[in-house]
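See structure below.
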Amino acid sequence: MSTEQSPAQSPPRRTGRRVVVPAVLTLVVAVVASGVVWSVHRGPATAGGDPPVPVQTTTVVRTDLATTVSLTGTLGYGRAEPVKGGRSGTVTWLPPAGATVTRGRQLYRIDDQPVPLFYGGLPLYRDLAEPGTVGRDVRVVASNLKALGYEIGYQPVPGEKVSRPVKSAASAPPAGQQTSPEPGRGTSGQGAAAPMPTAAAPARVVVRKGEGVLTGSLMRAIKRWQQDAELPVTGRIAVGDVAVLPGAVRVDAVTALRGDPAETPLLTVTPTAKVITVQADVAEAGTIQRGDRVTVTLPGDKTVDGTVSAVATAVTQDDPGPTATPKRAVTVTVDDDLSGIDAADVQVDLAGETREGVLAVPVGALVALSEGGYALQLADGGRFVAVTTGMFAKGMVEVSGDGITEDLAVVTAS
């Protein structure tokens with residue numbers, strides 16, 4: 001990690017007696033890689049009528065200063081995740097590596113039937129067949145069919161009660177009524193009777209946020225979709241009939257062969273958008289938040305803006321040895337199109353410490369005093385005013401002191 005100078009750092013200073021000369025002194029502060037050095041330039045002796053030596057001036061400004069944290073990242077498609085077949089059967093088709101699969105398109109085939117891709121965060125974990133079934137998995141099916149253009153009808157809103165049918169239950173006959181015992185079985189006493197099946201009243205279920213309801217119109221939409229997808233038209237969706245993933249995917253690698261059992265890892269996929277992955281030290285990652293803006297330097301020194309889209313909570317170590325440094329993955333997405341670059345090492349610059357609304361001048365305006373400390377030379381009269389320095393960032397330095405105000409004109413060397 002590399003950072004710009006922190007507030008604790010300051011440019012080197014020449015020590016010794018204050019230099020007093022009758023001629024005009026021009027002090028120049030130059031910024032170099034290791035800090036700031038200064039030199040005293042003595043003007044040549046001139047006749048009293050010669051014009052004064054011209055100086056460059058600037059003004060004290062009120063601005064925001066921020067240090068920069070530079071990290072090395074890798075441009076690619078992100079981490080590849082495995083996909084396993086969700087039901088038993090035989091793999092009969094797999095997509096080629098590099099293929100892009102979007103909502104509704106087949107991701108693979110089992111027993112020569114397509115397994116389409118649905119978007120969502122919850123895999124289907126049960127068969128959806130009973131009208132009135134309520135759950136987040138139903139919502140996944142409803143939202144995907146609607147996005148594919150199918151009319152799903154009305155969906156109850158959160159807080160609404162819906163009827164959910166229940167299976168018939170057994171009950172005893174009315175009082176005084178007897179039934180004949182089964183052949184070969186006795187009775188437990190006079191008046192004993194076998195239970196009689198009765199229809200139970202439908203259960204009332206409250207729809208919660210994020211849940212859907214398997215209504216009649218939704219089941220009809222499922223049938224229309226099944227017909228278009230060349231699937232058995234049943235109006236029900238079983239576990240493994242669709243593959244649910246967060247979004248469109250790019251096939252990174254195929255790990256199975258045609259003829260393999262379907263309930264094994266079949267392929268690995270990545271998101272379709274290119275991202276930058278940074279392996280940051282745990283301490284560094286703790287200061288990075290999702291949504292932070294960054295600047296990315298690409299090969300050829302082209303810079304683009306980006307945003308931190310995720311900060312992993314899992315801690316990993318590339319080297320299993322005792323000296324390994326724990327890392328957390330930081331994912332960055334960029335605003336520009338990166339077509340033509342599939343993989344590359346890049347530099348990611350993040351804002352470090354920030355100081356808002358401070359008074360600042362170019363570093364070249366600082367004058368290092370021989371007795372210690374720093375000063376600014378006023379443009380009006382050449383008087384030196386002592387200052388206290390704060391943060392150094394991007395060629396500017398925070399200053400404060402008696403008489404230092406916004407728009408104050410001072411002499412600068414740059």
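Identifiers for the structure tokens are assigned positionally: chains receive A, B, ... in sequence, residues are indexed from 1 per chain, and ligands are indexed from 1 in the order shown.
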
In region 241-329 of chain A, DSSP helix (DSSP H, G or I) residues written as a list in words: Val282, Ala283, Glu284 and Ala285 of chain A

Got a sec: who's within 12 Å of Val399 (chain A), counting only C-alpha atoms, leaving out chain neighbours fewer than 5 positions off, as a ChimeraX atom specification? /A:7,60-63,65,355,357-363,365-366,373-376,385-392,404-406,408

Export of prior selection with C-alpha atoms as a PDB file, in the first residue's frame:
ATOM      1  CA  PRO A   7      -0.426  14.833   8.624  1.00  0.00           C
ATOM      2  CA  VAL A  60      -4.913  30.831   0.779  1.00  0.00           C
ATOM      3  CA  VAL A  61      -7.970  28.765  -0.148  1.00  0.00           C
ATOM      4  CA  ARG A  62     -10.586  26.900   1.846  1.00  0.00           C
ATOM      5  CA  THR A  63     -10.906  23.368   0.496  1.00  0.00           C
ATOM      6  CA  LEU A  65      -8.007  17.591   1.483  1.00  0.00           C
ATOM      7  CA  ARG A 355     -10.099  16.985   6.093  1.00  0.00           C
ATOM      8  CA  GLY A 357     -13.153  22.935   4.843  1.00  0.00           C
ATOM      9  CA  VAL A 358      -9.530  23.621   5.846  1.00  0.00           C
ATOM     10  CA  LEU A 359      -7.273  26.507   4.820  1.00  0.00           C
ATOM     11  CA  ALA A 360      -4.576  25.345   2.431  1.00  0.00           C
ATOM     12  CA  VAL A 361      -1.810  26.592   0.148  1.00  0.00           C
ATOM     13  CA  PRO A 362       0.456  24.932  -2.406  1.00  0.00           C
ATOM     14  CA  VAL A 363       3.384  23.191  -0.734  1.00  0.00           C
ATOM     15  CA  ALA A 365       4.401  28.478  -0.511  1.00  0.00           C
ATOM     16  CA  LEU A 366       5.900  27.046   2.693  1.00  0.00           C
ATOM     17  CA  GLY A 373       8.788  25.715  12.050  1.00  0.00           C
ATOM     18  CA  TYR A 374       7.264  27.097   8.892  1.00  0.00           C
ATOM     19  CA  ALA A 375       5.965  30.412   7.650  1.00  0.00           C
ATOM     20  CA  LEU A 376       4.207  32.057   4.749  1.00  0.00           C
ATOM     21  CA  VAL A 385       3.858  34.832   9.237  1.00  0.00           C
ATOM     22  CA  ALA A 386       4.404  31.626  11.206  1.00  0.00           C
ATOM     23  CA  VAL A 387       1.971  28.788  10.449  1.00  0.00           C
ATOM     24  CA  THR A 388       1.155  25.341  11.753  1.00  0.00           C
ATOM     25  CA  THR A 389       0.965  22.663   9.061  1.00  0.00           C
ATOM     26  CA  GLY A 390      -1.581  19.868   8.920  1.00  0.00           C
ATOM     27  CA  MET A 391      -2.390  17.366   6.186  1.00  0.00           C
ATOM     28  CA  PHE A 392      -0.315  17.182   2.994  1.00  0.00           C
ATOM     29  CA  ILE A 404      -4.048  33.308   8.187  1.00  0.00           C
ATOM     30  CA  THR A 405      -7.361  33.815   6.435  1.00  0.00           C
ATOM     31  CA  GLU A 406      -9.037  32.766   3.219  1.00  0.00           C
ATOM     32  CA  LEU A 408      -4.752  35.961   1.835  1.00  0.00           C
TER      33      LEU A 408
END

Enumerate, in order of chain and increasing residue number, the residues of region 89-160 of chain A with an atom no farther than 9 Å from region 225-234 of chain A, each with its shortest atom pair and distance in Å to one decimal, counting only C-alpha atoms, as a tab-separated table.
residue	atom	partner	partner_atom	distance
A:Gly104	CA	A:Ala229	CA	8.4
A:Arg105	CA	A:Ala229	CA	8.8
A:Gln106	CA	A:Ala229	CA	8.9
A:Gln113	CA	A:Leu231	CA	6.8
A:Pro114	CA	A:Leu231	CA	7.4
A:Pro116	CA	A:Ala229	CA	8.3
A:Ala129	CA	A:Thr234	CA	8.9
A:Leu145	CA	A:Trp225	CA	7.6
A:Leu148	CA	A:Trp225	CA	8.9
A:Tyr150	CA	A:Trp225	CA	7.5

Spatial neighbours of Asp342 (chain A), 12 Å, only C-alpha atoms, chain gap at least 5 places, as a short mmCIF file (atom, residue, chain, number, x, y, z; two decimals) with N, CA, C and O atoms, in the first residue's frame:
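Result file is out.cif:
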data_model
loop_
_atom_site.label_atom_id
_atom_site.label_comp_id
_atom_site.auth_asym_id
_atom_site.auth_seq_id
_atom_site.Cartn_x
_atom_site.Cartn_y
_atom_site.Cartn_z
N THR A 74 -6.95 -6.90 -9.65
CA THR A 74 -6.96 -7.73 -10.86
C THR A 74 -8.29 -7.55 -11.58
O THR A 74 -9.36 -7.73 -10.99
N LEU A 75 -8.22 -7.16 -12.85
CA LEU A 75 -9.41 -7.01 -13.68
C LEU A 75 -9.81 -8.36 -14.25
O LEU A 75 -8.98 -9.10 -14.79
N GLY A 76 -11.08 -8.71 -14.12
CA GLY A 76 -11.58 -9.97 -14.66
C GLY A 76 -13.09 -10.02 -14.49
O GLY A 76 -13.75 -8.99 -14.41
N TYR A 77 -13.63 -11.23 -14.42
CA TYR A 77 -15.07 -11.40 -14.27
C TYR A 77 -15.46 -11.78 -12.85
O TYR A 77 -16.61 -12.13 -12.60
N GLY A 78 -14.55 -11.72 -11.93
CA GLY A 78 -14.87 -12.05 -10.55
C GLY A 78 -14.70 -13.52 -10.26
O GLY A 78 -14.26 -14.33 -11.10
N GLY A 98 -17.31 -19.62 -21.80
CA GLY A 98 -17.39 -18.29 -22.39
C GLY A 98 -18.78 -17.88 -22.81
O GLY A 98 -19.01 -16.70 -23.11
N THR A 272 -21.55 -11.49 -15.65
CA THR A 272 -21.21 -11.11 -17.02
C THR A 272 -20.44 -9.80 -17.07
O THR A 272 -19.78 -9.51 -18.07
N ALA A 273 -20.53 -8.99 -16.02
CA ALA A 273 -19.84 -7.70 -16.00
C ALA A 273 -18.42 -7.87 -15.47
O ALA A 273 -18.18 -8.64 -14.54
N LYS A 274 -17.49 -7.15 -16.08
CA LYS A 274 -16.11 -7.19 -15.61
C LYS A 274 -15.99 -6.41 -14.31
O LYS A 274 -16.60 -5.34 -14.15
N VAL A 275 -15.22 -6.94 -13.40
CA VAL A 275 -15.02 -6.30 -12.11
C VAL A 275 -13.53 -6.34 -11.77
O VAL A 275 -12.75 -7.04 -12.41
N ILE A 276 -13.17 -5.57 -10.78
CA ILE A 276 -11.79 -5.55 -10.28
C ILE A 276 -11.80 -6.11 -8.87
O ILE A 276 -12.60 -5.67 -8.03
N LEU A 298 -5.66 1.90 -15.55
CA LEU A 298 -5.60 0.73 -16.41
C LEU A 298 -4.26 0.67 -17.13
O LEU A 298 -3.48 1.65 -17.10
N PRO A 299 -3.96 -0.43 -17.80
CA PRO A 299 -2.75 -0.48 -18.63
C PRO A 299 -2.75 0.66 -19.64
O PRO A 299 -3.78 1.00 -20.23
N ASP A 337 -16.84 1.39 -20.24
CA ASP A 337 -16.82 0.11 -20.92
C ASP A 337 -15.37 -0.36 -21.04
O ASP A 337 -14.50 0.38 -21.50
#

Counting only C-alpha atoms, closest pick from A:Gln347, A:Ser88, A:Thr72, A:Thr325 relative to Ala262 (chain A) is A:Ser88

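Proximity to Arg87 (chain A) was assessed for A:Lys223, A:Arg126, A:Arg103, A:Arg383 counting only C-alpha atoms; the smallest distance is recorded for A:Arg126.
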
Show me, as a PyMOL selection string, the residues that have an atom within 8 Å of Val315 (chain A) when counting only C-alpha atoms, minus same-chain residues fewer than 3 positions from it. chain A and resi 282+312+326-328

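Using only C-alpha atoms, the protein and nucleic acid residues lying no more than 9 Å from Gly382 (chain A), apart from those fewer than 3 places from it along its own chain, are Gln377, Leu378, Ala379, Val410 and Val411 of chain A.
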
Can you spit out the residues from that selection as a tab-separated table (two decimals), in the first residue's frame, using N, CA, C and O atoms?
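Writing the result to result.tsv gives the following:
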chain	number	residue	atom	x	y	z
A	377	GLN	N	5.16	33.82	3.41
A	377	GLN	CA	5.60	35.18	3.15
A	377	GLN	C	4.47	35.95	2.50
A	377	GLN	O	3.97	35.54	1.45
A	378	LEU	N	4.04	37.02	3.13
A	378	LEU	CA	2.93	37.80	2.60
A	378	LEU	C	3.36	38.50	1.31
A	378	LEU	O	4.48	39.01	1.20
A	379	ALA	N	2.47	38.50	0.34
A	379	ALA	CA	2.77	39.17	-0.92
A	379	ALA	C	2.82	40.69	-0.76
A	379	ALA	O	3.52	41.38	-1.51
A	410	VAL	N	-0.07	35.26	-0.73
A	410	VAL	CA	1.25	34.90	-0.23
A	410	VAL	C	2.16	34.58	-1.41
A	410	VAL	O	1.72	34.31	-2.53
A	411	VAL	N	3.45	34.60	-1.12
A	411	VAL	CA	4.46	34.29	-2.14
A	411	VAL	C	4.60	32.77	-2.24
A	411	VAL	O	4.55	32.06	-1.24

Return as a ChimeraX atom specification the full set of residues in region 94-324 of chain A whose backbone-based DSSP assignment is strand (DSSP E). /A:100-101,106-110,113-119,134-135,161-164,169-171,196-198,203-206,212-213,243-245,249-254,265-271,275-281,293-297,303-311

Please save C-alpha atoms of the selected residues as a short mmCIF file (atom, residue, chain, number, x, y, z; two decimals), in the first residue's frame.
data_model
loop_
_atom_site.label_atom_id
_atom_site.label_comp_id
_atom_site.auth_asym_id
_atom_site.auth_seq_id
_atom_site.Cartn_x
_atom_site.Cartn_y
_atom_site.Cartn_z
CA THR A 100 -23.49 -15.98 -21.64
CA VAL A 101 -26.81 -17.27 -20.30
CA GLN A 106 -31.36 -23.07 -20.83
CA LEU A 107 -28.26 -23.42 -18.66
CA TYR A 108 -27.95 -27.18 -19.21
CA ARG A 109 -30.13 -30.19 -20.11
CA ILE A 110 -31.03 -33.19 -17.98
CA GLN A 113 -35.03 -31.52 -21.08
CA PRO A 114 -33.85 -27.92 -20.72
CA VAL A 115 -33.16 -26.47 -17.28
CA PRO A 116 -33.77 -22.72 -17.71
CA LEU A 117 -32.10 -19.96 -15.68
CA PHE A 118 -34.22 -17.91 -13.26
CA TYR A 119 -32.90 -14.90 -11.36
CA VAL A 134 -47.11 -19.23 0.06
CA GLY A 135 -43.38 -18.52 0.20
CA LYS A 161 -54.64 -13.29 4.28
CA VAL A 162 -55.06 -16.09 1.77
CA SER A 163 -56.72 -19.48 1.98
CA ARG A 164 -54.44 -22.45 1.93
CA ALA A 169 -58.44 -35.11 8.70
CA ALA A 170 -60.10 -38.02 10.52
CA SER A 171 -62.84 -37.39 13.08
CA MET A 196 -64.51 -40.85 9.72
CA PRO A 197 -62.61 -38.69 7.21
CA THR A 198 -63.88 -35.13 7.06
CA ALA A 203 -56.16 -22.55 6.62
CA ARG A 204 -55.75 -18.77 6.57
CA VAL A 205 -52.16 -17.69 5.96
CA VAL A 206 -50.81 -14.14 6.20
CA GLY A 212 -45.60 -14.92 -3.32
CA VAL A 213 -48.77 -16.99 -3.61
CA ALA A 243 -31.56 -23.13 -11.93
CA VAL A 244 -31.83 -20.05 -9.71
CA LEU A 245 -28.82 -17.71 -9.72
CA VAL A 249 -23.97 -15.58 -15.94
CA ARG A 250 -20.91 -16.21 -18.05
CA VAL A 251 -19.77 -19.84 -18.21
CA ASP A 252 -16.23 -19.87 -16.86
CA ALA A 253 -15.55 -23.61 -17.16
CA VAL A 254 -17.41 -26.87 -17.79
CA PRO A 265 -21.05 -30.00 -10.11
CA LEU A 266 -21.65 -29.35 -13.80
CA LEU A 267 -19.95 -26.03 -14.49
CA THR A 268 -18.63 -22.82 -12.94
CA VAL A 269 -20.05 -19.40 -13.71
CA THR A 270 -19.19 -15.76 -13.12
CA PRO A 271 -21.15 -12.52 -13.49
CA VAL A 275 -15.02 -6.30 -12.11
CA ILE A 276 -11.79 -5.55 -10.28
CA THR A 277 -10.85 -7.69 -7.31
CA VAL A 278 -8.49 -6.26 -4.70
CA GLN A 279 -6.98 -8.40 -1.95
CA ALA A 280 -6.74 -5.86 0.86
CA ASP A 281 -5.18 -6.29 4.28
CA ARG A 293 -15.74 5.99 -5.06
CA VAL A 294 -12.34 5.01 -6.45
CA THR A 295 -10.03 5.83 -9.35
CA VAL A 296 -8.67 2.93 -11.41
CA THR A 297 -5.49 3.17 -13.48
CA THR A 303 -7.84 6.22 -15.61
CA VAL A 304 -11.52 5.47 -15.06
CA ASP A 305 -13.87 6.04 -12.15
CA GLY A 306 -15.30 3.14 -10.18
CA THR A 307 -17.31 2.15 -7.13
CA VAL A 308 -16.75 -0.39 -4.38
CA SER A 309 -19.57 -2.89 -4.91
CA ALA A 310 -18.71 -5.43 -2.20
CA VAL A 311 -16.36 -6.01 0.72
#

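Taking CA of Ser70 (chain A) as the reference point, CA of Asp318 (chain A) is found at 19.9 Å.
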
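In this model, the gap between CA of Ala285 (chain A) and CA of Gly247 (chain A) comes to 26.2 Å.
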
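Among the candidates A:Val239, A:Ala221, A:Lys209, A:Leu122, the residue lying nearest to Lys146 (chain A) is A:Ala221 (atoms considered: only C-alpha atoms).
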
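The space separating CA of Leu128 (chain A) from CA of Gly235 (chain A) comes to 8.9 Å.
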
Thr90 (chain A) surroundings by only C-alpha atoms, 10 Å radius, close-in-sequence under 3 positions cut, as a PyMOL selection string: chain A and resi 85+87+93+109-112+257-263
